[in-house]
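Engineer: Input file: model_39.cif. Contents: mmCIF, C-alpha atoms.
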```cif
data_query
loop_
_atom_site.label_atom_id
_atom_site.label_comp_id
_atom_site.auth_asym_id
_atom_site.auth_seq_id
_atom_site.Cartn_x
_atom_site.Cartn_y
_atom_site.Cartn_z
CA MET A 1468 -47.89 118.58 32.92
CA VAL A 1469 -46.32 116.36 35.59
CA ILE A 1470 -48.17 113.27 36.77
CA ALA A 1471 -47.29 112.75 40.41
CA ASP A 1472 -47.69 108.99 40.47
CA ALA A 1473 -45.96 108.31 37.15
CA PRO A 1474 -43.32 105.56 37.33
CA PRO A 1475 -39.70 106.72 37.42
CA PRO A 1476 -37.86 106.71 34.09
CA MET A 1477 -36.25 103.40 33.22
CA VAL A 1478 -32.50 103.39 33.67
CA ILE A 1479 -30.73 100.90 31.41
CA ASP A 1480 -27.51 99.45 32.72
CA THR A 1481 -25.71 98.88 29.44
CA GLU A 1482 -22.80 97.18 31.17
CA LEU A 1483 -25.23 94.77 32.85
CA GLU A 1484 -26.92 94.11 29.51
CA THR A 1485 -23.56 93.36 27.94
CA ARG A 1486 -22.59 90.98 30.72
CA HIS A 1487 -25.83 89.05 30.32
CA ALA A 1488 -26.05 89.16 26.53
CA PRO A 1489 -26.38 85.66 25.09
CA GLU A 1490 -23.20 84.21 23.66
CA PRO A 1491 -23.14 83.67 19.89
CA PRO A 1492 -23.54 80.10 18.64
CA VAL A 1493 -20.63 77.68 18.53
CA MET A 1494 -18.96 77.47 15.11
CA ALA A 1495 -16.08 75.14 15.97
CA ALA A 1496 -15.33 72.82 18.85
CA ALA A 1497 -12.81 70.27 20.07
CA VAL A 1498 -13.82 67.38 22.31
CA GLY A 1499 -11.06 65.36 23.95
CA VAL A 1500 -8.56 66.02 21.17
CA ASN A 1501 -5.17 64.31 21.36
CA VAL A 1502 -2.52 64.71 18.67
CA PHE A 1503 0.53 62.50 18.25
CA TYR A 1504 3.56 62.90 16.01
CA GLY A 1505 4.83 59.35 16.03
CA ASN A 1506 5.25 58.52 19.72
CA PHE A 1507 5.31 62.16 20.82
CA GLN A 1508 2.03 63.52 22.17
CA ALA A 1509 1.69 67.16 21.09
CA LEU A 1510 -1.87 67.76 22.37
CA LYS A 1511 -3.51 66.24 25.42
CA SER A 1512 -7.30 66.10 25.77
CA VAL A 1513 -8.08 69.57 24.43
CA ASN A 1514 -11.66 70.80 24.83
CA ILE A 1515 -12.81 74.16 23.49
CA GLU A 1516 -15.82 75.91 21.97
CA ILE A 1517 -15.15 78.64 19.40
CA ARG A 1518 -17.96 81.15 18.93
CA SER A 1519 -19.27 82.43 15.59
CA ASN A 1520 -18.31 85.92 14.43
CA ARG A 1521 -15.77 86.33 17.18
CA ILE A 1522 -11.98 86.38 17.31
CA THR A 1523 -10.38 83.69 19.46
CA SER A 1524 -6.68 84.01 20.30
CA LEU A 1525 -4.51 81.04 21.19
CA ILE A 1526 -1.51 81.98 23.32
CA GLY A 1527 1.31 80.11 25.03
CA PRO A 1528 5.08 79.56 24.81
CA SER A 1529 6.72 78.09 21.72
CA GLY A 1530 6.08 74.36 21.37
CA CYS A 1531 3.00 74.39 23.62
CA GLY A 1532 0.66 73.00 20.94
CA LYS A 1533 -1.34 76.03 19.86
CA THR A 1534 -0.36 75.82 16.17
CA THR A 1535 -0.87 72.05 16.22
CA PHE A 1536 -4.40 72.67 17.46
CA LEU A 1537 -5.02 75.35 14.84
CA ARG A 1538 -4.01 72.90 12.12
CA CYS A 1539 -6.49 70.34 13.46
CA LEU A 1540 -9.37 72.61 12.49
CA ASN A 1541 -8.79 72.12 8.75
CA ARG A 1542 -6.77 68.89 8.90
CA MET A 1543 -3.48 70.47 7.90
CA ASN A 1544 -1.84 67.98 10.26
CA ASP A 1545 -2.73 65.32 7.67
CA LEU A 1546 0.22 66.63 5.67
CA ILE A 1547 2.69 65.68 8.42
CA GLU A 1548 3.97 62.11 8.23
CA GLY A 1549 3.21 60.15 11.38
CA ALA A 1550 0.60 62.60 12.67
CA ARG A 1551 -2.43 61.05 14.37
CA VAL A 1552 -5.49 62.80 15.79
CA GLU A 1553 -7.86 61.35 18.38
CA GLY A 1554 -11.10 62.87 19.66
CA ARG A 1555 -13.61 65.03 17.80
CA VAL A 1556 -13.07 68.28 15.92
CA LEU A 1557 -16.36 69.88 14.89
CA ILE A 1558 -17.00 72.64 12.37
CA ASP A 1559 -20.61 73.77 12.34
CA GLY A 1560 -21.54 70.49 14.05
CA ILE A 1561 -19.75 68.21 11.57
CA ASP A 1562 -16.82 66.03 12.70
CA VAL A 1563 -14.07 67.01 10.25
CA TYR A 1564 -12.23 63.72 10.80
CA HIS A 1565 -15.21 61.59 9.77
CA SER A 1566 -14.48 59.41 6.74
CA SER A 1567 -17.24 61.12 4.74
CA VAL A 1568 -15.62 64.57 4.92
CA ASP A 1569 -14.07 65.93 1.71
CA VAL A 1570 -10.81 67.52 2.86
CA VAL A 1571 -10.66 69.89 -0.13
CA GLU A 1572 -14.12 71.20 0.72
CA LEU A 1573 -13.15 71.43 4.38
CA ARG A 1574 -10.17 73.64 3.57
CA LYS A 1575 -12.43 75.81 1.45
CA SER A 1576 -14.71 76.26 4.46
CA VAL A 1577 -11.85 76.68 6.93
CA GLY A 1578 -9.14 78.79 5.31
CA MET A 1579 -5.67 79.49 6.67
CA VAL A 1580 -3.37 82.52 6.62
CA PHE A 1581 0.21 81.59 7.45
CA GLN A 1582 2.93 83.30 9.47
CA LYS A 1583 4.93 84.36 6.43
CA PRO A 1584 3.02 85.86 3.49
CA ASN A 1585 3.00 83.26 0.72
CA PRO A 1586 1.50 84.68 -2.47
CA PHE A 1587 1.75 82.37 -5.45
CA PRO A 1588 4.25 83.34 -8.20
CA MET A 1589 1.50 84.69 -10.43
CA SER A 1590 -0.47 87.89 -10.92
CA ILE A 1591 -2.49 89.54 -8.17
CA PHE A 1592 -5.67 88.66 -10.06
CA ASP A 1593 -4.69 85.02 -10.48
CA ASN A 1594 -3.73 84.72 -6.81
CA VAL A 1595 -7.24 85.65 -5.73
CA ALA A 1596 -8.95 83.74 -8.55
CA TYR A 1597 -6.96 80.57 -7.83
CA GLY A 1598 -9.39 79.06 -5.33
CA PRO A 1599 -12.60 79.71 -7.28
CA ARG A 1600 -10.95 78.27 -10.41
CA LEU A 1601 -9.80 75.22 -8.45
CA HIS A 1602 -13.41 74.65 -7.47
CA GLY A 1603 -14.60 74.80 -11.07
CA LEU A 1604 -15.52 78.44 -11.71
CA LYS A 1605 -14.55 79.54 -15.23
CA GLU A 1606 -16.84 82.48 -16.01
CA LYS A 1607 -14.58 85.52 -16.43
CA SER A 1608 -17.10 88.12 -15.31
CA ARG A 1609 -17.88 86.18 -12.13
CA LEU A 1610 -14.17 85.68 -11.42
CA SER A 1611 -13.55 89.41 -11.85
CA GLU A 1612 -16.39 90.16 -9.45
CA ILE A 1613 -15.01 87.76 -6.83
CA VAL A 1614 -11.49 89.16 -7.18
CA GLU A 1615 -12.67 92.74 -6.68
CA THR A 1616 -14.96 91.87 -3.77
CA SER A 1617 -12.28 89.82 -2.02
CA LEU A 1618 -9.63 92.51 -2.45
CA ARG A 1619 -12.06 95.12 -1.14
CA HIS A 1620 -12.86 93.00 1.91
CA ALA A 1621 -9.13 92.58 2.49
CA ALA A 1622 -8.67 96.38 2.32
CA LEU A 1623 -6.33 96.04 -0.67
CA TRP A 1624 -8.40 96.94 -3.73
CA ASP A 1625 -7.59 100.66 -3.81
CA GLU A 1626 -3.87 99.89 -3.69
CA VAL A 1627 -3.79 97.29 -6.47
CA LYS A 1628 -6.81 97.88 -8.73
CA ASP A 1629 -4.61 99.33 -11.48
CA LYS A 1630 -1.99 96.56 -11.37
CA LEU A 1631 -3.96 93.33 -11.14
CA LYS A 1632 -1.80 91.77 -13.87
CA GLU A 1633 1.42 92.39 -11.93
CA SER A 1634 3.01 89.70 -9.79
CA GLY A 1635 1.80 89.43 -6.22
CA LEU A 1636 5.44 88.99 -5.23
CA LYS A 1637 6.07 92.67 -6.04
CA LEU A 1638 3.84 93.83 -3.20
CA SER A 1639 5.13 94.88 0.22
CA GLY A 1640 5.02 92.36 3.06
CA GLY A 1641 1.84 93.82 4.53
CA GLN A 1642 0.18 93.95 1.12
CA GLN A 1643 1.20 90.36 0.44
CA GLN A 1644 -0.43 89.23 3.67
CA ARG A 1645 -3.65 91.07 2.79
CA LEU A 1646 -3.47 89.43 -0.65
CA CYS A 1647 -3.28 86.05 1.08
CA ILE A 1648 -6.32 87.01 3.16
CA ALA A 1649 -8.16 87.98 -0.03
CA ARG A 1650 -7.23 84.60 -1.51
CA VAL A 1651 -8.87 82.90 1.48
CA LEU A 1652 -11.97 85.11 1.27
CA ALA A 1653 -12.43 84.32 -2.43
CA VAL A 1654 -13.78 80.84 -1.64
CA SER A 1655 -16.29 82.09 0.98
CA PRO A 1656 -15.02 80.33 4.12
CA GLN A 1657 -16.90 80.06 7.39
CA VAL A 1658 -13.74 80.15 9.50
CA ILE A 1659 -10.39 81.90 8.98
CA LEU A 1660 -7.34 80.50 10.77
CA MET A 1661 -4.38 82.84 11.24
CA ASP A 1662 -1.01 81.50 12.38
CA GLU A 1663 0.95 84.50 13.70
CA PRO A 1664 -0.17 86.57 10.68
CA THR A 1665 1.71 89.74 11.67
CA SER A 1666 4.95 88.34 13.10
CA ALA A 1667 6.88 89.18 9.91
CA LEU A 1668 5.31 92.64 9.46
CA ASP A 1669 6.23 96.14 10.61
CA PRO A 1670 3.99 98.01 13.11
CA ALA A 1671 2.06 99.91 10.44
CA ALA A 1672 1.27 96.74 8.48
CA THR A 1673 0.40 94.95 11.72
CA TYR A 1674 -2.10 97.68 12.56
CA ARG A 1675 -3.75 97.32 9.15
CA ILE A 1676 -4.16 93.55 9.62
CA GLU A 1677 -5.56 93.96 13.14
CA GLU A 1678 -7.98 96.62 11.92
CA LEU A 1679 -9.00 94.32 9.07
CA MET A 1680 -9.67 91.45 11.49
CA GLN A 1681 -12.20 93.56 13.37
CA THR A 1682 -14.08 94.16 10.12
CA LEU A 1683 -13.86 90.55 8.97
CA LYS A 1684 -15.34 89.11 12.16
CA GLU A 1685 -18.70 90.59 11.17
CA ASP A 1686 -18.88 87.88 8.48
CA TYR A 1687 -16.38 85.22 9.58
CA THR A 1688 -15.18 83.35 12.64
CA ILE A 1689 -11.47 83.97 13.25
CA VAL A 1690 -8.95 81.93 15.23
CA ILE A 1691 -5.49 83.44 15.62
CA VAL A 1692 -2.27 82.08 17.08
CA THR A 1693 -0.13 84.88 18.47
CA HIS A 1694 2.92 85.38 20.66
CA GLY A 1695 1.95 89.03 21.17
CA MET A 1696 0.08 89.51 24.43
CA GLN A 1697 -0.84 93.06 23.51
CA GLN A 1698 -2.17 91.84 20.18
CA ALA A 1699 -4.29 89.15 21.81
CA ALA A 1700 -5.68 91.70 24.27
CA ARG A 1701 -6.40 94.19 21.48
CA VAL A 1702 -8.07 92.04 18.86
CA SER A 1703 -9.68 88.99 20.45
CA ASP A 1704 -12.96 88.30 22.20
CA TYR A 1705 -11.86 84.97 23.68
CA THR A 1706 -8.42 83.64 24.61
CA GLY A 1707 -7.10 80.15 25.23
CA PHE A 1708 -3.82 79.56 27.06
CA PHE A 1709 -1.84 76.46 26.04
CA LEU A 1710 1.01 74.94 28.03
CA ASN A 1711 2.79 71.62 27.50
CA GLY A 1712 0.19 70.42 25.01
CA GLU A 1713 -2.78 71.21 27.25
CA MET A 1714 -5.43 73.91 27.12
CA ARG A 1715 -4.82 75.20 30.64
CA GLU A 1716 -7.33 78.05 30.65
CA PHE A 1717 -9.99 79.45 28.34
CA GLY A 1718 -12.32 82.41 28.74
CA THR A 1719 -13.18 85.86 27.54
CA THR A 1720 -10.10 87.89 26.75
CA GLU A 1721 -11.08 90.40 29.42
CA GLN A 1722 -11.23 87.66 32.05
CA ILE A 1723 -7.99 85.98 30.97
CA PHE A 1724 -6.04 89.24 30.98
CA THR A 1725 -7.51 90.80 34.13
CA VAL A 1726 -8.50 87.98 36.49
CA PRO A 1727 -7.00 84.71 35.19
CA ALA A 1728 -7.98 81.67 37.23
CA LEU A 1729 -4.51 80.11 37.17
CA LYS A 1730 -1.23 81.59 38.36
CA GLU A 1731 0.60 80.05 35.40
CA THR A 1732 -1.70 81.97 33.03
CA GLU A 1733 -0.93 85.21 34.84
CA ASP A 1734 2.79 84.44 34.89
CA TYR A 1735 2.83 83.86 31.13
CA ILE A 1736 0.81 86.98 30.34
CA ARG A 1737 3.08 89.08 32.58
CA GLY A 1738 6.16 87.73 30.81
CA ARG A 1739 7.54 85.77 33.75
CA PHE A 1740 8.21 82.82 31.45
CA GLY A 1741 7.89 82.06 27.75
#
```
What's the structure tokens form of this structure?
Structural biologist:
Amino acid sequence: MVIADAPPPMVIDTELETRHAPEPPVMAAAVGVNVFYGNFQALKSVNIEIRSNRITSLIGPSGCGKTTFLRCLNRMNDLIEGARVEGRVLIDGIDVYHSSVDVVELRKSVGMVFQKPNPFPMSIFDNVAYGPRLHGLKEKSRLSEIVETSLRHAALWDEVKDKLKESGLKLSGGQQQRLCIARVLAVSPQVILMDEPTSALDPAATYRIEELMQTLKEDYTIVIVTHGMQQAARVSDYTGFFLNGEMREFGTTEQIFTVPALKETEDYIRGRFG
């Protein structure tokens, strides 16, 4: 039976819904951040908000300050003699440079994966168990559970489950990088920092890491430094463009790569300089 005066069926514009969907909460932020190495100013008044459970890419030519900024988020710059940070760096609302912050706990909460895979010279099991042990966990059954869970989340368990006692240094480059990711996951971080994590890997291993990142962002906030424009476009939700120590432009990756506000952003993305 047809009712003549029935309202027309509702048409849902999914693209419109997506455009107006609320942004996820802020997990990390920088407010007026300046970084100096001695008298050299590496970062100049950087402001950024990094959203939870999203991937944020930092792009820009070599020496532009993107890795320096990444290292601000877990105070790795503290390890560089003469480094000085001004401004506020917030993780989950807490200023990480406040005197009350425990740096060891901070680096547990904000883990880092480096450019070159750097497994420790010990077994695969001990590599992943290293962090939990460092933080006081001694129970063998719980350590075994964490190791398996972390290796599964890093998409490595099926490849190494029968050789956990073998050295992590025997793994391929791509496997070593996933082992390093598992080592970070083992201490349950909120944020994962990745400094060019695939630059030393072949295309197949790069694909595995990029695929893994998409899975990990369901549970973690990821910030990645990359020189690969295609990689940034493929994996990230937001992109920040650095130049000469400044954050020149920040927005959704779609906006940055299709309608950048600044010509210098477009020129960099198109490979006109670098």
Engineer: For segment 1694-1702 of chain A, please output as a list in words all residues within 8 Å (counting all atoms listed in the file; exclusion window: fewer than 6 positions along the same chain).
Structural biologist: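 So the residues in contact are Ile1522, Ser1524, Ile1526, Gly1527, Pro1528, Glu1663, Glu1677, Met1680, Gln1681, Thr1720, Glu1721, Phe1724 and Ile1736 of chain A.
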Engineer: In Å, how far is it from atom CA of Lys1605 of chain A to atom CA of Val1570 of chain A?
Structural biologist: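 That distance, rounded to one decimal, is 22.0 Å.
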Engineer: Between A:Leu1668, A:Leu1729, A:Ala1622, A:Thr1688, which one has atoms that come closest to Met1714 of chain A, using only C-alpha atoms?
Structural biologist: A:Leu1729
Engineer: Might you spell out which residues the PyMOL selection byres ((chain A and resi 1560-1564) around 12) would select in the displayed file, as a count of residues only?
Structural biologist: 39
Engineer: Which residues come within 12 Å of Arg1609 of chain A, counting all atoms listed in the file, excluding same-chain residues fewer than 6 positions away, as a ChimeraX atom specification?
Structural biologist: /A:1596,1599-1600,1603,1615-1616,1653
Engineer: Evaluated on this file, the PyMOL selection byres ((chain A and resi 1586) around 8) picks out some residues - which ones are they, written as a PyMOL selection string?
Structural biologist: chain A and resi 1584-1585+1587-1589+1594+1635-1636+1643-1644+1646-1647
Engineer: Have a look at A:Cys1531, A:Leu1537, A:Ala1550, A:Leu1610 and name the one nearest to Asn1506 of chain A; count only C-alpha atoms.
Structural biologist: A:Ala1550
Engineer: Which residue out of A:Arg1650, A:Gly1549, A:Pro1670, A:Ile1591 has the minimum interatomic distance to Glu1633 of chain A when all atoms listed in the file are used?
Structural biologist: A:Ile1591
Engineer: Determine the nearest neighbour of Arg1675 of chain A from the options A:Gly1532, A:Gly1707, A:Gly1712, A:Gly1640, counting only C-alpha atoms.
Structural biologist: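 Of A:Gly1532, A:Gly1707, A:Gly1712, A:Gly1640, the one nearest Arg1675 of chain A, counting only C-alpha atoms, is A:Gly1640.
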Engineer: Hey, which of A:Tyr1687, A:Gln1722, A:Thr1706, A:Arg1739 ends up closest to Ile1515 of chain A? Count all atoms listed in the file.
Structural biologist: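 Checking each of A:Tyr1687, A:Gln1722, A:Thr1706, A:Arg1739 against Ile1515 of chain A, counting all atoms listed in the file, the winner is A:Thr1706.
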Engineer: Can you measure atom CA of Gln1582 of chain A to atom CA of Pro1491 of chain A for me? One decimal in Å is fine.
Structural biologist: 28.1 Å
Engineer: Between A:Leu1623, A:Ser1590, A:Arg1715, A:Ser1529, which is the closest to Pro1727 of chain A once you count only C-alpha atoms?
Structural biologist: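 Between A:Leu1623, A:Ser1590, A:Arg1715, A:Ser1529, the residue approaching Pro1727 of chain A most closely is A:Arg1715.
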Engineer: Quick one: distance from atom CA of Val1658 of chain A to atom CA of Arg1619 of chain A in Å, one decimal?
Structural biologist: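 Atom-to-atom, atom CA of Val1658 of chain A to atom CA of Arg1619 of chain A, that is 18.4 Å.
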Engineer: Up to 8 Å from (-4.3, 83.4, 11.2) in the file's coordinates: name the residues, counting all atoms listed in the file, as a VMD selection string.
Structural biologist: chain A and resid 1579 to 1582 1659 to 1664 1689 to 1692
